[in-house]
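The structure file target27.txt is reproduced below (compact mmCIF, C-alpha atoms).
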# COMPACT_ATOMS: atom_id res chain seq x y z
CA MET A 790 0.00 0.00 0.00
CA SER A 791 1.42 3.39 -0.97
CA GLU A 792 1.85 6.09 1.65
CA ARG A 793 -1.06 8.53 1.73
CA GLU A 794 -0.14 11.77 -0.01
CA VAL A 795 -0.36 14.85 2.18
CA GLY A 796 -1.69 18.17 0.97
CA VAL A 797 -3.01 19.26 -2.40
CA GLY A 798 -1.70 19.64 -5.92
CA PRO A 799 -1.70 22.75 -8.12
CA HIS A 800 -4.83 24.87 -7.84
CA PRO A 801 -7.05 24.88 -10.94
CA GLU A 802 -7.10 28.12 -12.86
CA PRO A 803 -8.38 30.76 -12.66
CA TRP A 804 -6.83 31.25 -9.23
CA PRO A 805 -8.80 32.88 -6.39
CA ASP A 806 -8.26 36.61 -5.94
CA ASP A 807 -7.04 36.47 -2.35
CA PRO A 808 -3.92 38.34 -1.13
CA ARG A 809 -3.32 35.65 1.51
CA LEU A 810 -2.55 33.05 -1.16
CA ASP A 811 0.96 32.30 -2.42
CA PRO A 812 1.26 32.18 -6.25
CA GLN A 813 4.09 29.63 -6.04
CA LEU A 814 1.97 27.27 -3.94
CA LEU A 815 -1.02 27.76 -6.21
CA ALA A 816 1.13 26.76 -9.16
CA ALA A 817 3.05 23.88 -7.60
CA GLY A 818 0.71 22.56 -4.91
CA ASP A 819 0.88 22.71 -1.13
CA ARG A 820 2.33 19.72 0.73
CA ARG A 821 3.10 21.53 3.99
CA ASN A 822 2.20 20.34 7.48
CA VAL A 823 -0.74 22.74 7.86
CA LEU A 824 -4.49 22.45 8.27
CA ASP A 825 -6.47 22.22 5.05
CA HIS A 826 -7.94 25.61 5.92
CA TYR A 827 -4.49 27.11 5.31
CA ARG A 828 -3.76 25.41 1.98
CA TYR A 829 -2.01 27.77 -0.45
CA TRP A 830 -1.74 30.53 2.20
CA LYS A 831 1.49 32.50 2.53
CA ARG A 832 3.38 31.73 5.74
CA GLU A 833 3.06 35.29 7.03
CA ALA A 834 -0.70 35.16 6.41
CA ILE A 835 -0.98 31.97 8.48
CA VAL A 836 1.04 33.51 11.32
CA ALA A 837 -1.11 36.65 11.24
CA ASP A 838 -4.28 34.58 11.46
CA LEU A 839 -2.88 32.56 14.37
CA ASP A 840 -1.77 35.77 16.10
CA SER A 841 -5.34 37.05 16.01
CA ARG A 842 -6.49 34.24 18.30
CA ARG A 843 -3.51 32.88 20.25
CA HIS A 844 -4.10 31.70 23.80
CA PRO A 845 -2.54 33.72 26.64
CA PHE A 846 -0.39 30.92 28.06
CA HIS A 847 3.33 30.57 27.37
CA VAL A 848 5.60 27.53 27.49
CA ALA A 849 9.24 27.57 28.64
CA ILE A 850 11.85 24.82 28.53
CA GLU A 851 15.39 24.71 29.89
CA ASN A 852 17.99 23.78 27.26
CA TRP A 853 21.30 23.07 28.99
CA GLN A 854 21.95 19.69 27.33
CA HIS A 855 20.58 20.27 23.80
CA ASP A 856 17.38 18.42 24.69
CA PHE A 857 15.86 16.56 21.73
CA ASN A 858 12.38 16.98 23.23
CA ILE A 859 12.24 20.71 22.52
CA GLY A 860 11.07 20.18 18.95
CA SER A 861 8.18 18.06 20.17
CA ILE A 862 7.26 20.72 22.73
CA VAL A 863 7.27 23.43 20.05
CA ARG A 864 5.01 21.29 17.85
CA THR A 865 2.58 20.73 20.72
CA ALA A 866 2.62 24.42 21.65
CA ASN A 867 1.69 25.22 18.06
CA ALA A 868 -1.15 22.68 18.14
CA PHE A 869 -2.57 24.21 21.32
CA LEU A 870 -1.89 27.78 20.05
CA ALA A 871 0.40 28.95 22.85
CA ALA A 872 1.39 32.61 22.78
CA GLU A 873 5.13 31.85 22.76
CA VAL A 874 7.70 29.17 23.48
CA HIS A 875 10.66 30.30 25.58
CA ILE A 876 13.95 28.44 25.36
CA ILE A 877 16.25 29.02 28.33
CA GLY A 878 19.97 28.32 27.97
CA LYS A 879 21.53 27.16 24.72
CA ARG A 880 20.17 29.01 21.71
CA ARG A 881 20.49 26.02 19.37
CA TRP A 882 17.95 23.23 19.61
CA ASN A 883 17.00 20.21 17.50
CA ARG A 884 14.19 21.32 15.19
CA ARG A 885 13.41 17.92 13.67
CA GLY A 886 10.68 17.10 16.19
CA ALA A 887 8.95 20.42 15.49
CA MET A 888 7.94 19.21 12.01
CA VAL A 889 8.45 22.79 10.72
CA THR A 890 5.79 24.15 13.10
CA ASP A 891 8.47 26.52 14.41
CA ARG A 892 7.76 28.59 11.29
CA TYR A 893 4.36 29.45 12.72
CA GLN A 894 5.13 29.52 16.46
CA HIS A 895 6.71 32.51 18.19
CA ILE A 896 9.92 31.46 19.95
CA ARG A 897 11.92 33.61 22.35
CA HIS A 898 15.39 32.86 23.73
CA HIS A 899 16.67 33.66 27.23
CA GLU A 900 20.34 33.28 28.13
CA ASP A 901 19.58 32.01 31.63
CA VAL A 902 16.81 31.51 34.17
CA PHE A 903 17.39 34.95 35.66
CA GLY A 904 16.69 36.60 32.31
CA PHE A 905 13.58 34.49 31.84
CA LYS A 906 12.37 35.26 35.36
CA THR A 907 12.86 38.99 34.78
CA TRP A 908 10.90 38.79 31.53
CA ALA A 909 8.02 36.90 33.19
CA LYS A 910 7.88 39.40 36.06
CA ASP A 911 7.82 42.36 33.66
CA ALA A 912 5.04 40.64 31.70
CA SER A 913 3.07 39.96 34.92
CA LEU A 914 2.95 36.26 34.10
CA PRO A 915 3.05 33.74 36.98
CA VAL A 916 5.42 30.82 36.35
CA TYR A 917 4.10 27.32 36.99
CA GLY A 918 6.90 24.78 37.03
CA ILE A 919 6.04 21.21 36.04
CA ASP A 920 8.05 18.45 37.72
CA ILE A 921 7.57 15.47 39.99
CA MET A 922 9.12 16.28 43.36
CA PRO A 923 8.22 16.40 47.04
CA GLY A 924 5.71 19.16 47.74
CA ALA A 925 4.55 19.52 44.13
CA ILE A 926 0.81 20.10 43.74
CA PRO A 927 -1.02 17.65 41.47
CA ILE A 928 -1.93 19.59 38.33
CA GLU A 929 -5.21 17.68 38.22
CA THR A 930 -6.33 19.39 41.45
CA ILE A 931 -5.64 23.08 40.78
CA GLU A 932 -6.86 25.89 38.55
CA ILE A 933 -4.05 27.12 36.31
CA PRO A 934 -4.16 30.90 35.69
CA ARG A 935 -5.41 31.92 32.28
CA ARG A 936 -2.30 34.06 31.76
CA CYS A 937 0.76 32.09 32.83
CA VAL A 938 3.97 30.35 31.80
CA LEU A 939 4.30 26.57 32.03
CA LEU A 940 7.97 25.85 32.76
CA PHE A 941 9.72 22.53 32.09
CA GLY A 942 13.19 21.28 32.90
CA GLN A 943 15.51 19.00 30.98
CA GLU A 944 14.70 15.39 30.27
CA GLY A 945 16.20 13.47 33.19
CA PRO A 946 17.23 16.06 35.77
CA GLY A 947 13.98 18.04 35.55
CA LEU A 948 13.74 21.64 36.72
CA SER A 949 17.04 23.16 37.79
CA ALA A 950 17.33 24.71 41.24
CA GLU A 951 17.12 28.15 39.62
CA ALA A 952 13.98 27.19 37.71
CA GLN A 953 12.38 25.86 40.88
CA GLU A 954 13.12 29.15 42.60
CA ALA A 955 11.64 31.08 39.66
CA SER A 956 8.38 29.11 39.85
CA GLU A 957 5.47 30.51 41.81
CA VAL A 958 3.98 27.01 41.98
CA ILE A 959 5.40 23.59 41.08
CA CYS A 960 2.90 21.05 39.78
CA SER A 961 3.24 17.32 39.28
CA ILE A 962 1.38 15.05 36.87
CA ALA A 963 -0.32 12.00 38.35
CA GLN A 964 1.46 8.71 37.62
CA PHE A 965 0.46 5.21 38.62
CA GLY A 966 3.16 2.90 37.26
CA SER A 967 6.71 2.03 38.26
CA THR A 968 8.66 4.65 36.29
CA ARG A 969 10.10 7.62 38.17
CA SER A 970 8.94 10.18 35.61
CA ILE A 971 7.38 10.62 32.19
CA ASN A 972 9.06 12.08 29.11
CA VAL A 973 9.22 15.88 29.27
CA GLY A 974 7.60 16.20 25.84
CA VAL A 975 4.67 14.11 27.06
CA ALA A 976 4.52 16.11 30.30
CA ALA A 977 4.37 19.34 28.32
CA GLY A 978 1.47 18.00 26.26
CA VAL A 979 -0.43 16.95 29.39
CA ALA A 980 0.12 20.34 31.05
CA MET A 981 -0.89 22.32 27.96
CA HIS A 982 -4.01 20.22 27.50
CA THR A 983 -4.87 20.80 31.15
CA TRP A 984 -4.78 24.54 30.40
CA VAL A 985 -6.93 23.97 27.29
CA ARG A 986 -9.55 22.04 29.27
CA GLN A 987 -9.74 24.77 31.89
CA HIS A 988 -9.72 27.87 29.69
CA ALA A 989 -9.98 27.34 25.92
CA PHE A 990 -13.76 26.90 25.90
CA GLU A 991 -14.68 29.64 28.35

Could you rewrite the structure in this file as structure tokens?
Amino acid sequence: MSEREVGVGPHPEPWPDDPRLDPQLLAAGDRRNVLDHYRYWKREAIVADLDSRRHPFHVAIENWQHDFNIGSIVRTANAFLAAEVHIIGKRRWNRRGAMVTDRYQHIRHHEDVFGFKTWAKDASLPVYGIDIMPGAIPIETIEIPRRCVLLFGQEGPGLSAEAQEASEVICSIAQFGSTRSINVGVAAGVAMHTWVRQHAFE
């Protein structure tokens, strides 16, 4: 069985008179990883449309060890329409897992946790760290603020001491098996969806 083809081919002429559409995509077809609603749209037109309705939560991830999960987190943040993704530490990160969604998702870099914390304070955004540790509050039991930052640590070590200190609240995700923790990309998806369930349909 052949692999299902993604996207659409060249648009039949005459082409629609719409400034959002890209003549090159109309001529060649659009095989990008976008919703069908955005077929043939220029990238900047897609970003502008997303910007008109982004959710007011942000996502931050520490990047001290060139974490391969960052791409997955960016892709999930795009799917849930986060305002921005903040990468703390190393500027370079592996984009493969993002599946080119980083083209449509705003990403901001912070040299260190102090810089991130200063930005969050200036933006009046409470920081909710996500990690499994003594004293963490189960995320299933609390109301996450509508405007906030969900902060994640590296795969393995979790939130650094500085990130813990920068967090107003630290939440854990309920687990019932034998493993010590879940993958940080999965944790980010759970936390973002928790925000969506609480606020996206208000």

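Checking A:Ile959, A:Ala817, A:Ala837, A:Val975 one by one against Ile933 in chain A, counting all atoms listed in the file, you find the shortest gap at A:Ile959.
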
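With all atoms listed in the file as the basis for measurement, A:Leu870 is the residue among A:Val958, A:Leu870, A:Ile835, A:Ile926 that approaches Val848 in chain A most closely.
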
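Using all atoms listed in the file, the contacts of Ser861 in chain A at a cut-off of 7 Å, with sequence neighbours closer than 2 positions omitted, comprise Asn858, Ile859, Val863, Arg864, Thr865, Gly886, Ala887 and Gly974 of chain A.
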
Contact residues around Arg880 in chain A with all atoms listed in the file at 12 Å, ignoring same-chain residues under 6 positions, as a ChimeraX atom specification: /A:850-856,859,896-901

Preceding selection exported with C-alpha atoms as a PDB file, in the coordinates of the input:
ATOM      1  CA  ILE A 850      11.850  24.820  28.530  1.00  0.00           C
ATOM      2  CA  GLU A 851      15.390  24.710  29.890  1.00  0.00           C
ATOM      3  CA  ASN A 852      17.990  23.780  27.260  1.00  0.00           C
ATOM      4  CA  TRP A 853      21.300  23.070  28.990  1.00  0.00           C
ATOM      5  CA  GLN A 854      21.950  19.690  27.330  1.00  0.00           C
ATOM      6  CA  HIS A 855      20.580  20.270  23.800  1.00  0.00           C
ATOM      7  CA  ASP A 856      17.380  18.420  24.690  1.00  0.00           C
ATOM      8  CA  ILE A 859      12.240  20.710  22.520  1.00  0.00           C
ATOM      9  CA  ILE A 896       9.920  31.460  19.950  1.00  0.00           C
ATOM     10  CA  ARG A 897      11.920  33.610  22.350  1.00  0.00           C
ATOM     11  CA  HIS A 898      15.390  32.860  23.730  1.00  0.00           C
ATOM     12  CA  HIS A 899      16.670  33.660  27.230  1.00  0.00           C
ATOM     13  CA  GLU A 900      20.340  33.280  28.130  1.00  0.00           C
ATOM     14  CA  ASP A 901      19.580  32.010  31.630  1.00  0.00           C
TER      15      ASP A 901
END

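Across A:Pro801, A:Val902, A:Val874, A:Tyr829, the tightest approach to Leu814 in chain A is made by A:Tyr829 when counting all atoms listed in the file.
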
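The space between CA of Ile971 in chain A and CA of Leu948 in chain A spans 13.5 Å.
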
Using all atoms listed in the file, the best pick from A:Ala872, A:His847, A:Arg935, A:Asn883 as closest to Phe905 in chain A would be A:His847

Distance cut-off 10 Å, centre (-3.3, 20.3, 41.2) in file coordinates, counting only C-alpha atoms: which residues qualify? Return them as an mmCIF file with C-alpha atoms, in the frame of the given file.
data_model
loop_
_atom_site.group_PDB
_atom_site.id
_atom_site.type_symbol
_atom_site.label_atom_id
_atom_site.label_comp_id
_atom_site.auth_asym_id
_atom_site.auth_seq_id
_atom_site.Cartn_x
_atom_site.Cartn_y
_atom_site.Cartn_z
ATOM 1 C CA ALA A 925 4.550 19.520 44.130
ATOM 2 C CA ILE A 926 0.810 20.100 43.740
ATOM 3 C CA PRO A 927 -1.020 17.650 41.470
ATOM 4 C CA ILE A 928 -1.930 19.590 38.330
ATOM 5 C CA GLU A 929 -5.210 17.680 38.220
ATOM 6 C CA THR A 930 -6.330 19.390 41.450
ATOM 7 C CA ILE A 931 -5.640 23.080 40.780
ATOM 8 C CA GLU A 932 -6.860 25.890 38.550
ATOM 9 C CA ILE A 933 -4.050 27.120 36.310
ATOM 10 C CA VAL A 958 3.980 27.010 41.980
ATOM 11 C CA ILE A 959 5.400 23.590 41.080
ATOM 12 C CA CYS A 960 2.900 21.050 39.780
ATOM 13 C CA SER A 961 3.240 17.320 39.280
ATOM 14 C CA ILE A 962 1.380 15.050 36.870
ATOM 15 C CA ALA A 963 -0.320 12.000 38.350
#

With a cut-off of 12 Å, could you pull out the residues of range 853-927 of chain A touching range 840-844 of chain A and give me the nearest pair of atoms for each, distance in Å to one decimal, using all atoms listed in the file, ordered by chain and ascending number, as a Markdown table?
| residue | atom | partner | partner_atom | distance |
| --- | --- | --- | --- | --- |
| A:Ala866 | CA | A:His844 | CA | 10.1 |
| A:Asn867 | CA | A:Arg843 | CA | 9.5 |
| A:Ala868 | CA | A:Arg843 | CA | 10.7 |
| A:Phe869 | CA | A:His844 | CA | 8.0 |
| A:Leu870 | CA | A:Arg843 | CA | 5.4 |
| A:Ala871 | CA | A:His844 | CA | 5.4 |
| A:Ala872 | CA | A:Arg843 | CA | 5.5 |
| A:Glu873 | CA | A:Arg843 | CA | 9.1 |
| A:Tyr893 | CA | A:Asp840 | CA | 9.4 |
| A:Gln894 | CA | A:Asp840 | CA | 9.3 |
| A:His895 | CA | A:Asp840 | CA | 9.3 |

Ala955 in chain A: which residues within 9 Å, counting all atoms listed in the file, same-chain residues fewer than 4 positions away excluded, as an MDAnalysis selection string? chainID A and resid 902:903 905:906 916:918 950:951

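Going from CA of Ala977 in chain A over to CA of Ile862 in chain A, you cover 6.4 Å.
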
Listed atoms of range 895-901 of chain A boxed axis-aligned with 4 Å per side, centre + edges as AutoDock Vina command-line options:
--center_x 13.5 --center_y 32.6 --center_z 24.9 --size_x 21.6 --size_y 10.2 --size_z 21.4

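Taking all atoms listed in the file, the non-local environment of Ala849 in chain A within 8 Å (same-chain residues fewer than 6 positions away omitted) comprises Val874, His875, Ile876, Ile877, Val938, Leu939, Leu940 and Phe941 of chain A.
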
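Note that the spacing between CA of Val979 in chain A and CA of Phe846 in chain A amounts to 14.0 Å.
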
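Restricting the calculation to all atoms listed in the file, the smallest distance between His988 in chain A and any of A:Gly924, A:Gly966, A:Pro845, A:Pro946 is found for A:Pro845.
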
Which one is closest to Arg821 in chain A: A:Asp807, A:Gly878, A:Met888, A:Pro799? Count all atoms listed in the file. A:Met888
